[in-house]
Structures are given as structure tokens and as C-alpha cells.
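*Asks:* Sharing a structure here in C-alpha cells format.
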Amino acid sequence: MPANLPPDYYAAERKLKETSDPEEKVKILKNMLSIMPKHKGTEHLRGQLRRKIKKLQSDSQKKNISGRSGIFDYIPKEGAGQVVIAGFPNSGKSTLFTNLTNARSTIAEFPFSTFSPIPGMMKYEDIQIQVIDLPPVSEEHIDRVVINIVRLADLVLIICDLSDVVWRDKLKRVLSVFQERKIIFKKEGVSNPITSTAVKSTVIFGNKIDNATEQNKSLPGEIDIDIPFITGSALKAININTLKSALFEGLHIIRVYTKTPGYKPDMDSPYILKKGATVHSLAAVIHKDIETRMKYARIWGCNNYAGQRVEREHILCDKDIVEIHTR
């Protein structure tokens with residue numbers, strides 16, 4: 001199956017050939033992996049890039065380059081999207097991670113119990129979303145590992161402790177520290193920034209609502225009011241399903257199911273596309289030959305479509321079922 005790589009991939013590949021700096025090479029390779037579409041046609045190429053990253057890591061380790069230098073801070077994306085949890089010490093970050101993913105993370109009553117990023121998978125309806133528990137952030141320090149992983153993530157989940165009477169001040173100061181490092185949090189951002197400033201899609205979770213006063217349950221006015229703000233309890237599993245839905249919405253993705261003419265649709269393995277994707281986008285992801293030979297499609301799903309014929313530029317919705325007809 002052809003790889004069908006986008007133009008951004010080839011642009012990054014040219015940059016890779018032009019640099020001799022190992023750290024820069026790894027950053028470019030990470031970006032290439034993020035850009036590359038995920039399907040059977042790219043499996044071999046993804047493996048090659050990962051082996052190159054591993055070799056650069058090994059070579060750098062032999063030269064006593066610290067693992068905190070930025071070379072060892074890449075976690076390959078899996079599932080429908082990558083969500084990273086950023087939070088203050090003792091905010092309930094690791095408890096939330098365990099609740100969302102059922103994966104084990106260090107949970108302790110003392111601060112800074114998470115020393116390295118821990119990945120897990122969160123089930124949301126019929127898809128899996130990758131969630132990463134990051135080392136904690138503070139007003140004085142944000143680890144470079146955290147900065148680099150946040151820059152490449154699809155969505156940032158910031159957790160705050162609503163039982164802390166000064167949580168708003170802490171949040172504002174930490175956001176300021178991120179901004180100094182050219183990371184800005186908005187309702188909708190960019191997964192793979194190509195500029196020095198990274199605007200990241202964000203959801204804020206106000207934890208420990210059962211121990212919070214009424215005055216402590218709202219965002220400070222200085223925070224972008226469009227950023228989704230969910231309150232609940234990681235320990236008592238309050239509003240966890242609401243949070244999962246907010247994370248799915250925050251990824252700005254849709255699920256699309258396909259069917260072959262004359263057969264039932266495949267409802268087990270949806271294609272994951274960005275919001276705003278068209279029927280043509282779907283055809284390109286399935287196979288280059290289908291993209292080239294496509295005549296039209298029939299669609300079942302949102303807007304009361306029931307097998308209606310649509311053209312290539314028709315915009316898809318979440319949970320649409322698409323039947324592509326080719327020449």
C-alpha cells in the first residue's frame with residue numbers, strides 16, 4: 001500500500017538532510033512521525049524513523065548527553081490522539097491518570113512523585129486515546145521534558161486543585177512560565193507547530209471539587225474563557241465521563257465508518273480524521289488509488305443523510321458512514 005505522504009513530510013525530510021546536529025535531527029524525525037498518516041502503507045517507514053531516533057539516542061548516551069537534553073522526551077503517538085496531563089504537585093494528576101486509563105502511575109501524598117512521563121490508553125466509546133502523565137510543574141520550574149512533549153501533543157489537560165485557596169494565582173503564574181517558553185493555551189490549537197510559538201488545544205480540569213468552596217469553583221477572568229473548564233474529583237470519579245467527552249471534543253477529530261456497496265458497514269474500526277475533513281480526505285487516507293478513482297460517495301449519518309449521494313468536497317461529521325464509489 002502506498003505511503004501517500006503529505007507535503008509537510010517532504011519539507012521536514014529536506015531539513016533533516018541539511019542538518020548535522022544530532023539533537024536537531026531527532027526533533028525533525030519526531031515531527032516527521034507526527035505528520036505521517038497512520039495506515040498499513042506507512043508501517044515500514046514509521047519503523048525506520050523510530051530506529052533512527054533510537055540510534056541517535058544511543059549515540060548521544062555514549063557521549064554522556066543527559067536524557068533531559070530534549071533527545072529523550074519524545075513519546076510516539078498512539079490511538080486517536082495524544083493528551084498530556086500537566087499539573088501542580090499534589091493536584092491529583094496521577095490519580096486522574098489512573099482513573100482515565102487504568103494504567104499505573106505513582107500516587108503519593110508528597111509532591112513530585114512522578115519523575116518521568118508515563119503513557120496509558122483511555123477508552124472513549126469505540127476508540128482509544130493516548131494519555132500521558134507528565135512530571136509536575138511548579139511556579140518556579142517547568143522541566144524541559146515537559147515543555148517539549150507539550151509542544152507536540154494534540155491536547156493539553158491542565159489539572160488544578162480547587163481545594164487550594166490560591167489555585168487561581170498558581171495557574172496564572174504557571175501559564176505565564178509556559179508563555180515565556182512560547183507555549184500558549186487556547187480552546188483550539190495546533191498539534192505540530194511549525195513556528196517557534198506553539199498554540200495548544202487545552203482543557204482545564206478543576207479537581208477535588210468535593211473539598212472546594214463555592215468561591216473556588218470558577219476560572220479566573222484572565223484565562224481564555226473559551227477553554228473548556230470541567231470540575232470534578234479524580235479520587236471519587238466525579239464527572240470523569242464528562243471530562244472524557246471534553247477531551248474527545250478538544251482533540252477536534254471525527255470518527256468515520258466505511259462500507260462496501262452491497263455490504264454492511266464496518267463499525268469496529270473507524271477512520272480518525274480532523275474536523276472539517278471531506279469525503280476526498282477520507283478517500284486519500286484509505287488508499288491513493290481510491291482517491292484517484294473516486295466518482296462520488298453515499299453517506300449515512302448527521303443531517304439526516306440516508307444513503308444520499310455526495311461529492312468529493314462534502315464535509316463529514318462524527319460517526320458518518322461513507323460508501324465510496326469508484327470508476
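We name chains A, B, ... following the order of the C-alpha cells; residues begin at 1 in each chain, and ligands are numbered from 1 as shown.
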Within 10 Å of region 85-98 of chain A, counting only C-alpha atoms, which residues show up once you throw out same-chain ones fewer than 4 positions away? Write them as a ChimeraX atom specification, please.

*Replies:* /A:102-114,117-122,131-139,146,150,155-164,167,170-171,174,203-208,233-237,240

*Asks:* Got a sec: who's within 10 Å of Lys244 (chain A), counting only C-alpha atoms, leaving out chain neighbours fewer than 6 positions off, as a ChimeraX atom specification?

*Replies:* /A:100,122-125,129,250

*Asks:* What parts of region 234-267 of chain A does DSSP call alpha helix (DSSP H)? I'd like the answer as a PyMOL selection string.

*Replies:* chain A and resi 240-250

*Asks:* Please produce an output containing N, CA, C and O atoms for each residue in the selection, written as a JSON list (two decimals), in the first residue's frame.

*Replies:*
[["chain", "number", "residue", "atom", "x", "y", "z"],
["A", 240, "ILE", "N", -16.02, 12.24, 35.59],
["A", 240, "ILE", "CA", -14.94, 11.69, 34.76],
["A", 240, "ILE", "C", -15.44, 11.45, 33.32],
["A", 240, "ILE", "O", -14.73, 11.71, 32.36],
["A", 241, "ASN", "N", -16.67, 10.97, 33.17],
["A", 241, "ASN", "CA", -17.21, 10.75, 31.82],
["A", 241, "ASN", "C", -17.40, 12.08, 31.08],
["A", 241, "ASN", "O", -17.18, 12.16, 29.87],
["A", 242, "THR", "N", -17.79, 13.11, 31.83],
["A", 242, "THR", "CA", -17.90, 14.44, 31.23],
["A", 242, "THR", "C", -16.54, 14.92, 30.76],
["A", 242, "THR", "O", -16.41, 15.51, 29.67],
["A", 243, "LEU", "N", -15.52, 14.67, 31.55],
["A", 243, "LEU", "CA", -14.16, 15.04, 31.17],
["A", 243, "LEU", "C", -13.72, 14.29, 29.93],
["A", 243, "LEU", "O", -13.12, 14.87, 29.02],
["A", 244, "LYS", "N", -14.00, 12.99, 29.86],
["A", 244, "LYS", "CA", -13.63, 12.20, 28.68],
["A", 244, "LYS", "C", -14.26, 12.78, 27.41],
["A", 244, "LYS", "O", -13.61, 12.88, 26.37],
["A", 245, "SER", "N", -15.52, 13.17, 27.51],
["A", 245, "SER", "CA", -16.20, 13.77, 26.35],
["A", 245, "SER", "C", -15.54, 15.08, 25.96],
["A", 245, "SER", "O", -15.37, 15.38, 24.78],
["A", 246, "ALA", "N", -15.13, 15.87, 26.96],
["A", 246, "ALA", "CA", -14.46, 17.14, 26.69],
["A", 246, "ALA", "C", -13.10, 16.92, 26.02],
["A", 246, "ALA", "O", -12.69, 17.69, 25.14],
["A", 247, "LEU", "N", -12.41, 15.86, 26.42],
["A", 247, "LEU", "CA", -11.12, 15.55, 25.80],
["A", 247, "LEU", "C", -11.32, 15.14, 24.34],
["A", 247, "LEU", "O", -10.55, 15.56, 23.46],
["A", 248, "PHE", "N", -12.33, 14.33, 24.08],
["A", 248, "PHE", "CA", -12.61, 13.94, 22.69],
["A", 248, "PHE", "C", -12.93, 15.18, 21.86],
["A", 248, "PHE", "O", -12.40, 15.36, 20.76],
["A", 249, "GLU", "N", -13.79, 16.04, 22.37],
["A", 249, "GLU", "CA", -14.14, 17.26, 21.65],
["A", 249, "GLU", "C", -12.91, 18.16, 21.48],
["A", 249, "GLU", "O", -12.73, 18.80, 20.44],
["A", 250, "GLY", "N", -12.05, 18.20, 22.50],
["A", 250, "GLY", "CA", -10.86, 19.04, 22.44],
["A", 250, "GLY", "C", -9.84, 18.60, 21.42],
["A", 250, "GLY", "O", -8.99, 19.40, 20.99]]

*Asks:* When you look at region 285-298 of chain A with a cut-off of 8 Å (counting only C-alpha atoms), what residues show up, excluding the ones that are within fewer than 2 positions of it in the same chain? I need them as a VMD selection string.

*Replies:* chain A and resid 1 to 2 4 37 39 279 to 283 300 307 to 312 322 to 327

*Asks:* Could you write out that same residue set with N, CA and C atoms as an mmCIF file, in the first residue's frame?

*Replies:*
data_model
loop_
_atom_site.group_PDB
_atom_site.id
_atom_site.type_symbol
_atom_site.label_atom_id
_atom_site.label_comp_id
_atom_site.auth_asym_id
_atom_site.auth_seq_id
_atom_site.Cartn_x
_atom_site.Cartn_y
_atom_site.Cartn_z
ATOM 1 N N MET A 1 0.842 -1.191 0.000
ATOM 2 C CA MET A 1 0.000 0.000 0.000
ATOM 3 C C MET A 1 0.882 1.247 0.000
ATOM 4 N N PRO A 2 0.612 2.224 -0.893
ATOM 5 C CA PRO A 2 1.435 3.432 -0.939
ATOM 6 C C PRO A 2 1.365 4.219 0.358
ATOM 7 N N ASN A 4 1.593 7.554 0.633
ATOM 8 C CA ASN A 4 0.753 8.743 0.431
ATOM 9 C C ASN A 4 1.065 9.830 1.460
ATOM 10 N N PRO A 37 0.718 10.047 8.136
ATOM 11 C CA PRO A 37 -0.572 9.387 8.383
ATOM 12 C C PRO A 37 -0.360 7.951 8.859
ATOM 13 N N HIS A 39 -1.442 4.301 8.613
ATOM 14 C CA HIS A 39 -2.129 3.210 7.934
ATOM 15 C C HIS A 39 -1.082 2.170 7.537
ATOM 16 N N VAL A 279 -15.026 14.078 2.101
ATOM 17 C CA VAL A 279 -15.049 12.721 1.546
ATOM 18 C C VAL A 279 -13.736 12.455 0.805
ATOM 19 N N HIS A 280 -13.231 13.468 0.120
ATOM 20 C CA HIS A 280 -11.956 13.330 -0.585
ATOM 21 C C HIS A 280 -10.817 13.040 0.401
ATOM 22 N N SER A 281 -10.830 13.698 1.566
ATOM 23 C CA SER A 281 -9.817 13.445 2.600
ATOM 24 C C SER A 281 -9.856 11.991 3.042
ATOM 25 N N LEU A 282 -11.066 11.470 3.239
ATOM 26 C CA LEU A 282 -11.224 10.074 3.638
ATOM 27 C C LEU A 282 -10.660 9.141 2.575
ATOM 28 N N ALA A 283 -10.990 9.393 1.318
ATOM 29 C CA ALA A 283 -10.501 8.541 0.230
ATOM 30 C C ALA A 283 -8.975 8.526 0.186
ATOM 31 N N TRP A 300 -24.442 8.054 5.204
ATOM 32 C CA TRP A 300 -25.462 7.891 6.228
ATOM 33 C C TRP A 300 -24.913 8.550 7.497
ATOM 34 N N GLY A 307 -28.064 7.440 2.842
ATOM 35 C CA GLY A 307 -27.639 6.930 1.546
ATOM 36 C C GLY A 307 -27.629 7.984 0.464
ATOM 37 N N GLN A 308 -27.679 9.254 0.847
ATOM 38 C CA GLN A 308 -27.693 10.330 -0.142
ATOM 39 C C GLN A 308 -26.347 10.426 -0.860
ATOM 40 N N ARG A 309 -26.411 10.691 -2.149
ATOM 41 C CA ARG A 309 -25.191 10.862 -2.927
ATOM 42 C C ARG A 309 -24.560 12.216 -2.613
ATOM 43 N N VAL A 310 -23.230 12.203 -2.390
ATOM 44 C CA VAL A 310 -22.491 13.437 -2.127
ATOM 45 C C VAL A 310 -21.224 13.441 -2.976
ATOM 46 N N GLU A 311 -20.667 14.628 -3.158
ATOM 47 C CA GLU A 311 -19.467 14.761 -3.981
ATOM 48 C C GLU A 311 -18.214 14.799 -3.110
ATOM 49 N N ARG A 312 -17.073 14.927 -3.770
ATOM 50 C CA ARG A 312 -15.771 14.808 -3.093
ATOM 51 C C ARG A 312 -15.579 15.825 -1.970
ATOM 52 N N VAL A 322 -19.741 6.094 5.290
ATOM 53 C CA VAL A 322 -19.471 6.517 3.915
ATOM 54 C C VAL A 322 -19.236 5.301 3.026
ATOM 55 N N GLU A 323 -19.894 5.319 1.878
ATOM 56 C CA GLU A 323 -19.726 4.287 0.856
ATOM 57 C C GLU A 323 -19.164 4.963 -0.386
ATOM 58 N N ILE A 324 -17.910 4.688 -0.709
ATOM 59 C CA ILE A 324 -17.235 5.354 -1.824
ATOM 60 C C ILE A 324 -17.407 4.539 -3.100
ATOM 61 N N HIS A 325 -17.810 5.211 -4.159
ATOM 62 C CA HIS A 325 -17.960 4.582 -5.479
ATOM 63 C C HIS A 325 -16.834 5.069 -6.391
ATOM 64 N N THR A 326 -16.190 4.120 -7.072
ATOM 65 C CA THR A 326 -15.038 4.443 -7.925
ATOM 66 C C THR A 326 -15.340 4.137 -9.381
ATOM 67 N N ARG A 327 -14.465 4.647 -10.224
ATOM 68 C CA ARG A 327 -14.602 4.387 -11.669
ATOM 69 C C ARG A 327 -14.258 2.942 -11.981
#

*Asks:* Mind checking which residues fall within 12 Å of region 41-52 of chain A, counting only C-alpha atoms, ignoring those fewer than 4 positions away in the same chain, and posting them as a PyMOL selection string?

*Replies:* chain A and resi 1-6+9+13+16+22+25-37+56-59+74-77+284-288

*Asks:* Just N, CA and C atoms for this one: save the residues we selected as a CSV table (one decimal), in the first residue's frame.

*Replies:*
chain,number,residue,atom,x,y,z
A,1,MET,N,0.8,-1.2,0.0
A,1,MET,CA,0.0,0.0,0.0
A,1,MET,C,0.9,1.2,0.0
A,2,PRO,N,0.6,2.2,-0.9
A,2,PRO,CA,1.4,3.4,-0.9
A,2,PRO,C,1.4,4.2,0.4
A,3,ALA,N,2.5,4.9,0.7
A,3,ALA,CA,2.5,5.7,1.9
A,3,ALA,C,1.7,7.0,1.8
A,4,ASN,N,1.6,7.6,0.6
A,4,ASN,CA,0.8,8.7,0.4
A,4,ASN,C,1.1,9.8,1.5
A,5,LEU,N,2.3,10.3,1.5
A,5,LEU,CA,2.8,11.3,2.5
A,5,LEU,C,2.4,12.7,2.1
A,6,PRO,N,2.1,13.5,3.1
A,6,PRO,CA,1.7,14.9,2.8
A,6,PRO,C,3.0,15.8,2.5
A,9,TYR,N,5.6,16.5,5.2
A,9,TYR,CA,6.6,15.4,5.5
A,9,TYR,C,7.9,15.6,4.6
A,13,GLU,N,11.7,16.3,5.7
A,13,GLU,CA,12.8,15.4,5.2
A,13,GLU,C,14.0,16.2,4.6
A,16,LEU,N,16.0,17.6,7.4
A,16,LEU,CA,16.8,16.5,8.0
A,16,LEU,C,18.1,16.3,7.3
A,22,PRO,N,22.8,16.2,16.0
A,22,PRO,CA,22.0,15.1,16.4
A,22,PRO,C,20.7,15.5,17.0
A,25,LYS,N,18.3,16.7,14.5
A,25,LYS,CA,17.9,15.5,13.7
A,25,LYS,C,16.7,14.8,14.4
A,26,VAL,N,16.8,14.6,15.7
A,26,VAL,CA,15.8,13.9,16.4
A,26,VAL,C,14.5,14.7,16.5
A,27,LYS,N,14.6,16.0,16.6
A,27,LYS,CA,13.4,16.9,16.6
A,27,LYS,C,12.7,16.8,15.3
A,28,ILE,N,13.5,16.8,14.2
A,28,ILE,CA,12.9,16.7,12.9
A,28,ILE,C,12.2,15.3,12.7
A,29,LEU,N,12.9,14.3,13.1
A,29,LEU,CA,12.4,12.9,13.0
A,29,LEU,C,11.1,12.8,13.8
A,30,LYS,N,11.0,13.4,15.0
A,30,LYS,CA,9.8,13.4,15.8
A,30,LYS,C,8.7,14.1,15.0
A,31,ASN,N,9.0,15.2,14.4
A,31,ASN,CA,8.0,15.9,13.7
A,31,ASN,C,7.5,15.1,12.5
A,32,MET,N,8.4,14.4,11.8
A,32,MET,CA,8.0,13.6,10.6
A,32,MET,C,7.1,12.5,11.1
A,33,LEU,N,7.4,11.9,12.2
A,33,LEU,CA,6.5,10.8,12.7
A,33,LEU,C,5.1,11.3,13.0
A,34,SER,N,5.1,12.6,13.6
A,34,SER,CA,3.8,13.2,13.9
A,34,SER,C,3.0,13.5,12.7
A,35,ILE,N,3.7,14.0,11.6
A,35,ILE,CA,3.0,14.4,10.4
A,35,ILE,C,2.5,13.2,9.6
A,36,MET,N,3.2,12.0,9.7
A,36,MET,CA,2.9,10.9,8.8
A,36,MET,C,1.6,10.3,9.1
A,37,PRO,N,0.7,10.0,8.1
A,37,PRO,CA,-0.6,9.4,8.4
A,37,PRO,C,-0.4,8.0,8.9
A,56,LEU,N,20.1,7.5,17.4
A,56,LEU,CA,20.6,8.8,17.8
A,56,LEU,C,20.6,8.9,19.3
A,57,GLN,N,19.6,8.4,20.0
A,57,GLN,CA,19.6,8.4,21.4
A,57,GLN,C,20.7,7.6,22.0
A,58,SER,N,21.0,6.4,21.4
A,58,SER,CA,22.1,5.6,21.9
A,58,SER,C,23.4,6.3,21.7
A,59,ASP,N,23.6,6.9,20.5
A,59,ASP,CA,24.9,7.6,20.3
A,59,ASP,C,25.1,8.7,21.2
A,74,TYR,N,10.5,12.2,23.7
A,74,TYR,CA,9.5,12.0,22.6
A,74,TYR,C,8.8,10.7,22.9
A,75,ILE,N,7.5,10.8,23.0
A,75,ILE,CA,6.6,9.6,23.1
A,75,ILE,C,5.8,9.4,21.9
A,76,PRO,N,6.0,8.3,21.1
A,76,PRO,CA,5.3,8.2,19.8
A,76,PRO,C,3.8,8.2,20.1
A,77,LYS,N,3.0,8.8,19.2
A,77,LYS,CA,1.6,8.9,19.4
A,77,LYS,C,0.9,7.6,19.0
A,284,ALA,N,-8.4,9.7,0.4
A,284,ALA,CA,-6.9,9.8,0.4
A,284,ALA,C,-6.3,9.0,1.5
A,285,VAL,N,-6.9,8.9,2.7
A,285,VAL,CA,-6.4,8.2,3.8
A,285,VAL,C,-6.6,6.7,3.6
A,286,ILE,N,-7.7,6.3,3.0
A,286,ILE,CA,-7.9,4.8,2.7
A,286,ILE,C,-6.8,4.3,1.7
A,287,HIS,N,-6.7,4.9,0.6
A,287,HIS,CA,-5.7,4.5,-0.4
A,287,HIS,C,-5.6,5.5,-1.5
A,288,LYS,N,-4.4,5.7,-2.0
A,288,LYS,CA,-4.2,6.7,-3.1
A,288,LYS,C,-5.0,6.3,-4.3
